[in-house]
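Pasting model32.pdb here (PDB, C-alpha atoms):
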ATOM      1  CA  MET A1420       1.907   8.306  23.672  1.00  0.00           C
ATOM      2  CA  THR A1421      -0.358   5.356  22.992  1.00  0.00           C
ATOM      3  CA  LYS A1422       0.673   3.177  20.094  1.00  0.00           C
ATOM      4  CA  ALA A1423      -1.360   0.403  18.462  1.00  0.00           C
ATOM      5  CA  VAL A1424      -0.604  -2.289  15.891  1.00  0.00           C
ATOM      6  CA  PHE A1425      -3.021  -3.503  13.231  1.00  0.00           C
ATOM      7  CA  ALA A1426      -1.588  -6.676  11.726  1.00  0.00           C
ATOM      8  CA  GLY A1427      -2.743  -8.750   8.807  1.00  0.00           C
ATOM      9  CA  THR A1428      -1.795 -10.297   5.514  1.00  0.00           C
ATOM     10  CA  PHE A1429      -3.530  -7.525   3.530  1.00  0.00           C
ATOM     11  CA  ASP A1430      -3.623  -9.587   0.333  1.00  0.00           C
ATOM     12  CA  PRO A1431      -5.142  -7.377  -0.959  1.00  0.00           C
ATOM     13  CA  PRO A1432      -5.954  -4.383   1.240  1.00  0.00           C
ATOM     14  CA  THR A1433      -9.725  -3.744   1.186  1.00  0.00           C
ATOM     15  CA  TYR A1434     -12.076  -0.917   2.056  1.00  0.00           C
ATOM     16  CA  GLY A1435     -12.762  -2.880   5.257  1.00  0.00           C
ATOM     17  CA  HIS A1436      -9.079  -2.704   6.208  1.00  0.00           C
ATOM     18  CA  LEU A1437      -9.009   1.013   5.452  1.00  0.00           C
ATOM     19  CA  ASP A1438     -12.084   1.572   7.596  1.00  0.00           C
ATOM     20  CA  ILE A1439     -10.397  -0.106  10.580  1.00  0.00           C
ATOM     21  CA  ILE A1440      -7.145   1.818   9.945  1.00  0.00           C
ATOM     22  CA  GLN A1441      -8.925   5.179   9.822  1.00  0.00           C
ATOM     23  CA  ARG A1442     -10.944   4.461  12.949  1.00  0.00           C
ATOM     24  CA  ALA A1443      -7.887   3.210  14.848  1.00  0.00           C
ATOM     25  CA  SER A1444      -5.902   6.286  13.803  1.00  0.00           C
ATOM     26  CA  SER A1445      -8.506   8.466  15.492  1.00  0.00           C
ATOM     27  CA  LEU A1446      -8.202   6.480  18.740  1.00  0.00           C
ATOM     28  CA  PHE A1447      -4.422   6.233  19.081  1.00  0.00           C
ATOM     29  CA  ASP A1448      -1.477   8.596  18.802  1.00  0.00           C
ATOM     30  CA  SER A1449       0.293   6.181  16.488  1.00  0.00           C
ATOM     31  CA  VAL A1450      -0.799   3.116  14.519  1.00  0.00           C
ATOM     32  CA  ASP A1451       1.563   0.666  12.859  1.00  0.00           C
ATOM     33  CA  ILE A1452       0.059  -1.343  10.043  1.00  0.00           C
ATOM     34  CA  LEU A1453       1.952  -4.588  10.218  1.00  0.00           C
ATOM     35  CA  ILE A1454       2.097  -6.826   7.191  1.00  0.00           C
ATOM     36  CA  ALA A1455       2.475 -10.269   8.671  1.00  0.00           C
ATOM     37  CA  VAL A1456       4.863 -12.305   6.581  1.00  0.00           C
ATOM     38  CA  ASN A1457       4.017 -15.997   6.562  1.00  0.00           C
ATOM     39  CA  GLU A1458       6.046 -18.025   4.081  1.00  0.00           C
ATOM     40  CA  ASN A1459       3.499 -20.876   4.323  1.00  0.00           C
ATOM     41  CA  LYS A1460       0.654 -18.678   3.111  1.00  0.00           C
ATOM     42  CA  LYS A1461       0.160 -18.359  -0.638  1.00  0.00           C
ATOM     43  CA  THR A1462      -0.445 -14.728  -1.533  1.00  0.00           C
ATOM     44  CA  LEU A1463      -1.357 -13.007  -4.764  1.00  0.00           C
ATOM     45  CA  PHE A1464       0.948 -10.084  -4.016  1.00  0.00           C
ATOM     46  CA  SER A1465       4.518 -10.140  -2.747  1.00  0.00           C
ATOM     47  CA  GLN A1466       5.399  -8.611   0.596  1.00  0.00           C
ATOM     48  CA  SER A1467       6.913  -5.547  -1.086  1.00  0.00           C
ATOM     49  CA  GLU A1468       3.865  -5.090  -3.341  1.00  0.00           C
ATOM     50  CA  ARG A1469       1.503  -5.167  -0.352  1.00  0.00           C
ATOM     51  CA  GLU A1470       3.770  -2.787   1.537  1.00  0.00           C
ATOM     52  CA  GLU A1471       3.816  -0.286  -1.346  1.00  0.00           C
ATOM     53  CA  MET A1472       0.040  -0.500  -1.826  1.00  0.00           C
ATOM     54  CA  LEU A1473      -0.640   0.100   1.857  1.00  0.00           C
ATOM     55  CA  LYS A1474       1.851   2.958   2.063  1.00  0.00           C
ATOM     56  CA  ASP A1475       0.102   4.621  -0.847  1.00  0.00           C
ATOM     57  CA  LEU A1476      -3.349   4.078   0.679  1.00  0.00           C
ATOM     58  CA  VAL A1477      -2.440   5.562   4.087  1.00  0.00           C
ATOM     59  CA  LYS A1478      -0.049   8.303   2.958  1.00  0.00           C
ATOM     60  CA  ASP A1479      -2.485  11.033   4.061  1.00  0.00           C
ATOM     61  CA  ILE A1480      -3.036   9.598   7.547  1.00  0.00           C
ATOM     62  CA  LYS A1481      -0.209  11.263   9.464  1.00  0.00           C
ATOM     63  CA  ASN A1482      -0.089   8.932  12.470  1.00  0.00           C
ATOM     64  CA  VAL A1483      -0.048   5.662  10.490  1.00  0.00           C
ATOM     65  CA  GLN A1484       3.069   3.812   9.341  1.00  0.00           C
ATOM     66  CA  VAL A1485       3.409   0.553   7.405  1.00  0.00           C
ATOM     67  CA  HIS A1486       5.920  -2.150   8.345  1.00  0.00           C
ATOM     68  CA  CYS A1487       6.556  -5.827   7.603  1.00  0.00           C
ATOM     69  CA  TRP A1488       7.298  -8.499  10.193  1.00  0.00           C
ATOM     70  CA  ASN A1489       7.944 -12.226  10.033  1.00  0.00           C
ATOM     71  CA  GLY A1490       7.618 -13.032  13.716  1.00  0.00           C
ATOM     72  CA  LEU A1491       4.996 -12.957  16.428  1.00  0.00           C
ATOM     73  CA  VAL A1492       2.911  -9.786  16.372  1.00  0.00           C
ATOM     74  CA  VAL A1493       3.185  -9.453  20.155  1.00  0.00           C
ATOM     75  CA  ASP A1494       6.973  -9.470  19.829  1.00  0.00           C
ATOM     76  CA  TYR A1495       6.769  -6.609  17.323  1.00  0.00           C
ATOM     77  CA  ALA A1496       4.424  -4.700  19.628  1.00  0.00           C
ATOM     78  CA  SER A1497       6.692  -5.238  22.615  1.00  0.00           C
ATOM     79  CA  LYS A1498       9.791  -4.232  20.649  1.00  0.00           C
ATOM     80  CA  THR A1499       8.190  -1.005  19.399  1.00  0.00           C
ATOM     81  CA  GLY A1500       6.395   0.000  22.598  1.00  0.00           C
ATOM     82  CA  ALA A1501       2.868  -0.626  21.315  1.00  0.00           C
ATOM     83  CA  LYS A1502       0.359  -1.404  24.047  1.00  0.00           C
ATOM     84  CA  VAL A1503      -2.621  -2.439  21.905  1.00  0.00           C
ATOM     85  CA  LEU A1504      -3.269  -4.885  19.092  1.00  0.00           C
ATOM     86  CA  ILE A1505      -6.170  -3.887  16.850  1.00  0.00           C
ATOM     87  CA  ARG A1506      -8.258  -6.687  15.398  1.00  0.00           C
ATOM     88  CA  GLY A1507     -11.099  -6.107  12.966  1.00  0.00           C
ATOM     89  CA  ILE A1508     -14.057  -8.439  13.175  1.00  0.00           C
ATOM     90  CA  ARG A1509     -16.920  -8.947  10.717  1.00  0.00           C
ATOM     91  CA  ASN A1510     -18.986 -11.653  12.395  1.00  0.00           C
ATOM     92  CA  SER A1511     -19.149 -14.236  15.172  1.00  0.00           C
ATOM     93  CA  ILE A1512     -16.790 -16.576  13.293  1.00  0.00           C
ATOM     94  CA  ASP A1513     -14.135 -13.833  13.152  1.00  0.00           C
ATOM     95  CA  PHE A1514     -14.794 -13.072  16.814  1.00  0.00           C
ATOM     96  CA  ALA A1515     -14.291 -16.670  17.931  1.00  0.00           C
ATOM     97  CA  TYR A1516     -10.982 -16.920  16.052  1.00  0.00           C
ATOM     98  CA  GLU A1517      -9.756 -13.496  17.152  1.00  0.00           C
ATOM     99  CA  PHE A1518     -10.821 -14.081  20.766  1.00  0.00           C
ATOM    100  CA  ASP A1519      -8.759 -17.277  20.957  1.00  0.00           C
ATOM    101  CA  LEU A1520      -5.819 -15.473  19.344  1.00  0.00           C
ATOM    102  CA  SER A1521      -6.125 -12.625  21.854  1.00  0.00           C
ATOM    103  CA  LEU A1522      -5.941 -15.112  24.735  1.00  0.00           C
ATOM    104  CA  MET A1523      -2.770 -16.633  23.285  1.00  0.00           C
ATOM    105  CA  ASN A1524      -1.237 -13.190  22.746  1.00  0.00           C
ATOM    106  CA  ARG A1525      -2.137 -12.212  26.323  1.00  0.00           C
ATOM    107  CA  LYS A1526      -0.439 -15.368  27.594  1.00  0.00           C
ATOM    108  CA  LEU A1527       2.697 -14.502  25.575  1.00  0.00           C
ATOM    109  CA  LYS A1528       2.792 -10.783  26.525  1.00  0.00           C
ATOM    110  CA  SER A1529       0.415  -9.871  29.326  1.00  0.00           C
ATOM    111  CA  SER A1530       1.227  -6.163  28.997  1.00  0.00           C
ATOM    112  CA  ILE A1531      -0.336  -5.968  25.522  1.00  0.00           C
ATOM    113  CA  GLU A1532      -4.104  -5.625  25.152  1.00  0.00           C
ATOM    114  CA  THR A1533      -6.265  -6.577  22.177  1.00  0.00           C
ATOM    115  CA  LEU A1534      -9.000  -4.241  20.986  1.00  0.00           C
ATOM    116  CA  PHE A1535     -11.697  -5.588  18.665  1.00  0.00           C
ATOM    117  CA  ILE A1536     -13.167  -3.107  16.197  1.00  0.00           C
ATOM    118  CA  PRO A1537     -16.294  -4.351  14.458  1.00  0.00           C
ATOM    119  CA  THR A1538     -16.341  -3.551  10.784  1.00  0.00           C
ATOM    120  CA  ASN A1539     -18.690  -1.021   9.300  1.00  0.00           C
ATOM    121  CA  GLN A1540     -21.855  -2.850   8.179  1.00  0.00           C
ATOM    122  CA  LYS A1541     -21.264  -2.036   4.522  1.00  0.00           C
ATOM    123  CA  TYR A1542     -18.001  -4.028   4.656  1.00  0.00           C
ATOM    124  CA  LEU A1543     -19.375  -7.159   6.341  1.00  0.00           C
ATOM    125  CA  LEU A1544     -18.896  -9.361   3.284  1.00  0.00           C
ATOM    126  CA  LEU A1545     -15.422  -8.145   2.354  1.00  0.00           C
ATOM    127  CA  LYS A1546     -12.877 -10.917   2.552  1.00  0.00           C
ATOM    128  CA  SER A1547      -9.595 -10.775   0.645  1.00  0.00           C
ATOM    129  CA  SER A1548      -9.851 -14.367  -0.575  1.00  0.00           C
ATOM    130  CA  THR A1549     -13.372 -13.784  -1.906  1.00  0.00           C
ATOM    131  CA  ILE A1550     -12.296 -10.582  -3.636  1.00  0.00           C
ATOM    132  CA  LYS A1551      -9.439 -12.385  -5.379  1.00  0.00           C
ATOM    133  CA  GLU A1552     -11.731 -15.194  -6.495  1.00  0.00           C
ATOM    134  CA  LEU A1553     -14.379 -12.777  -7.737  1.00  0.00           C
ATOM    135  CA  ALA A1554     -11.755 -10.807  -9.681  1.00  0.00           C
ATOM    136  CA  HIS A1555     -10.359 -14.033 -11.138  1.00  0.00           C
ATOM    137  CA  PHE A1556     -13.752 -14.727 -12.702  1.00  0.00           C
ATOM    138  CA  GLY A1557     -14.163 -11.165 -13.958  1.00  0.00           C
ATOM    139  CA  GLY A1558     -16.550  -9.958 -11.265  1.00  0.00           C
ATOM    140  CA  ASP A1559     -16.899  -6.323 -10.242  1.00  0.00           C
ATOM    141  CA  ILE A1560     -14.764  -5.589  -7.168  1.00  0.00           C
ATOM    142  CA  SER A1561     -14.894  -1.793  -7.442  1.00  0.00           C
ATOM    143  CA  GLU A1562     -16.977  -1.391  -4.267  1.00  0.00           C
ATOM    144  CA  MET A1563     -14.684  -3.685  -2.280  1.00  0.00           C
ATOM    145  CA  VAL A1564     -11.242  -2.225  -2.883  1.00  0.00           C
ATOM    146  CA  PRO A1565      -9.839   1.213  -3.749  1.00  0.00           C
ATOM    147  CA  PRO A1566      -9.156   1.873  -7.471  1.00  0.00           C
ATOM    148  CA  LEU A1567      -5.390   1.450  -6.952  1.00  0.00           C
ATOM    149  CA  ILE A1568      -5.953  -2.046  -5.566  1.00  0.00           C
ATOM    150  CA  GLU A1569      -8.534  -2.972  -8.186  1.00  0.00           C
ATOM    151  CA  LYS A1570      -6.041  -2.118 -10.934  1.00  0.00           C
ATOM    152  CA  ALA A1571      -3.240  -4.009  -9.186  1.00  0.00           C
ATOM    153  CA  ILE A1572      -5.419  -7.119  -8.864  1.00  0.00           C
ATOM    154  CA  LYS A1573      -6.487  -7.009 -12.500  1.00  0.00           C
ATOM    155  CA  ASP A1574      -2.900  -6.430 -13.665  1.00  0.00           C
ATOM    156  CA  LYS A1575      -1.587  -9.284 -11.506  1.00  0.00           C
ATOM    157  CA  LEU A1576      -4.254 -11.726 -12.670  1.00  0.00           C
ATOM    158  CA  GLU A1577      -3.670 -10.722 -16.299  1.00  0.00           C
ATOM    159  CA  SER A1578       0.087 -11.254 -15.973  1.00  0.00           C
ATOM    160  CA  GLN A1579      -0.516 -14.723 -14.514  1.00  0.00           C
ATOM    161  CA  LYS A1580      -2.515 -15.705 -17.583  1.00  0.00           C
ATOM    162  CA  LEU A1581       0.451 -15.002 -19.870  1.00  0.00           C
TER     163      LEU A1581
END

Please go through the file and, once you have read it, give me the structure as structure tokens.
Amino acid sequence: MTKAVFAGTFDPPTYGHLDIIQRASSLFDSVDILIAVNENKKTLFSQSEREEMLKDLVKDIKNVQVHCWNGLVVDYASKTGAKVLIRGIRNSIDFAYEFDLSLMNRKLKSSIETLFIPTNQKYLLLKSSTIKELAHFGGDISEMVPPLIEKAIKDKLESQKL
């Protein structure tokens, strides 16, 4: 059985993330979506909120599970028997960053490969930070995130104004 890990902050999950998850699930027997927990990173949503959102979004994809982790992704992969790290890339800037990261991960755990999946063209401009900023100023994010996520973002931003 070939297992892969797709790690990220997912703050918030986007249609671009879902595209990569669906494509990866068709390539591997099992895919773990790994919410990377970084206490130094300011997020709009808590770890548990992101976990619940992702679980809801992937509930119909039978070979996908959602987990949280606050260590090195390669350590999680090694611990769980995953052989591949999935990395989504939108452009050459993403590629340069992800390529360097893949070299570091390979140095740490040479038995784990990194697979780059280019995003679908219609999701090239999707970036979680941009989506949050656009929503903050009342912009339309309905084509960037699923309705569940759009509502969660609007609710969260509204509660912060109180």

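Considering only C-alpha atoms, the residue among A:Ile1560, A:Ile1508, A:Ala1423, A:Ala1571 positioned nearest to Gln1540 of chain A is A:Ile1508.
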
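Residues matching the PyMOL selection byres ((chain A and resi 1488) around 6) in this structure come to Ala1455, Val1456, Cys1487, Asn1489 and Gly1490 of chain A.
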
Worksheet item: What is the atom CA of Glu1532 of chain A to atom CA of Glu1468 of chain A distance in Å?
Response: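 Result for atom CA of Glu1532 of chain A versus atom CA of Glu1468 of chain A: 29.6 Å, one decimal.
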
Worksheet entry | Evaluate the PyMOL selection byres ((chain A and resi 1422) around 8) and report residues as a PyMOL selection string | chain A and resi 1420-1421+1423-1424+1447-1451+1500-1503

Worksheet entry | Result set of the PyMOL selection byres ((chain A and resi 1507) around 12) on the coordinates above, as a ChimeraX atom specification | /A:1424-1427,1435-1443,1504-1506,1508-1514,1516-1518,1533-1539,1542-1543,1545-1546

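Taking atom CA of Val1564 of chain A as the reference point, atom CA of Tyr1434 of chain A is found at 5.2 Å.
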
Item to complete: Compare A:Ser1548, A:Asn1459, A:Ser1529, A:Ser1578 by their minimum atom-to-atom distance to Asp1430 of chain A, counting only C-alpha atoms, and give me the closest one.
Response: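 Among the listed residues, the smallest separation from Asp1430 of chain A belongs to A:Ser1548.
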
Item to complete: One decimal, Å: what's the distance from atom CA of Ile1572 of chain A over to atom CA of Ser1465 of chain A, could you say?
Response: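 About the pair atom CA of Ile1572 of chain A and atom CA of Ser1465 of chain A: they are 12.1 Å apart.
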
Response to the item:
Using all atoms listed in the file, the shortest atom-to-atom distance to Leu1446 of chain A among A:Leu1520, A:Ala1496, A:Met1472, A:Val1483 belongs to A:Val1483

Practice prompt. Find the residue from A:Ser1445, A:Thr1433, A:Ile1452, A:Arg1525 that sits nearest to Glu1569 of chain A; use only C-alpha atoms when measuring.
Written response: A:Thr1433
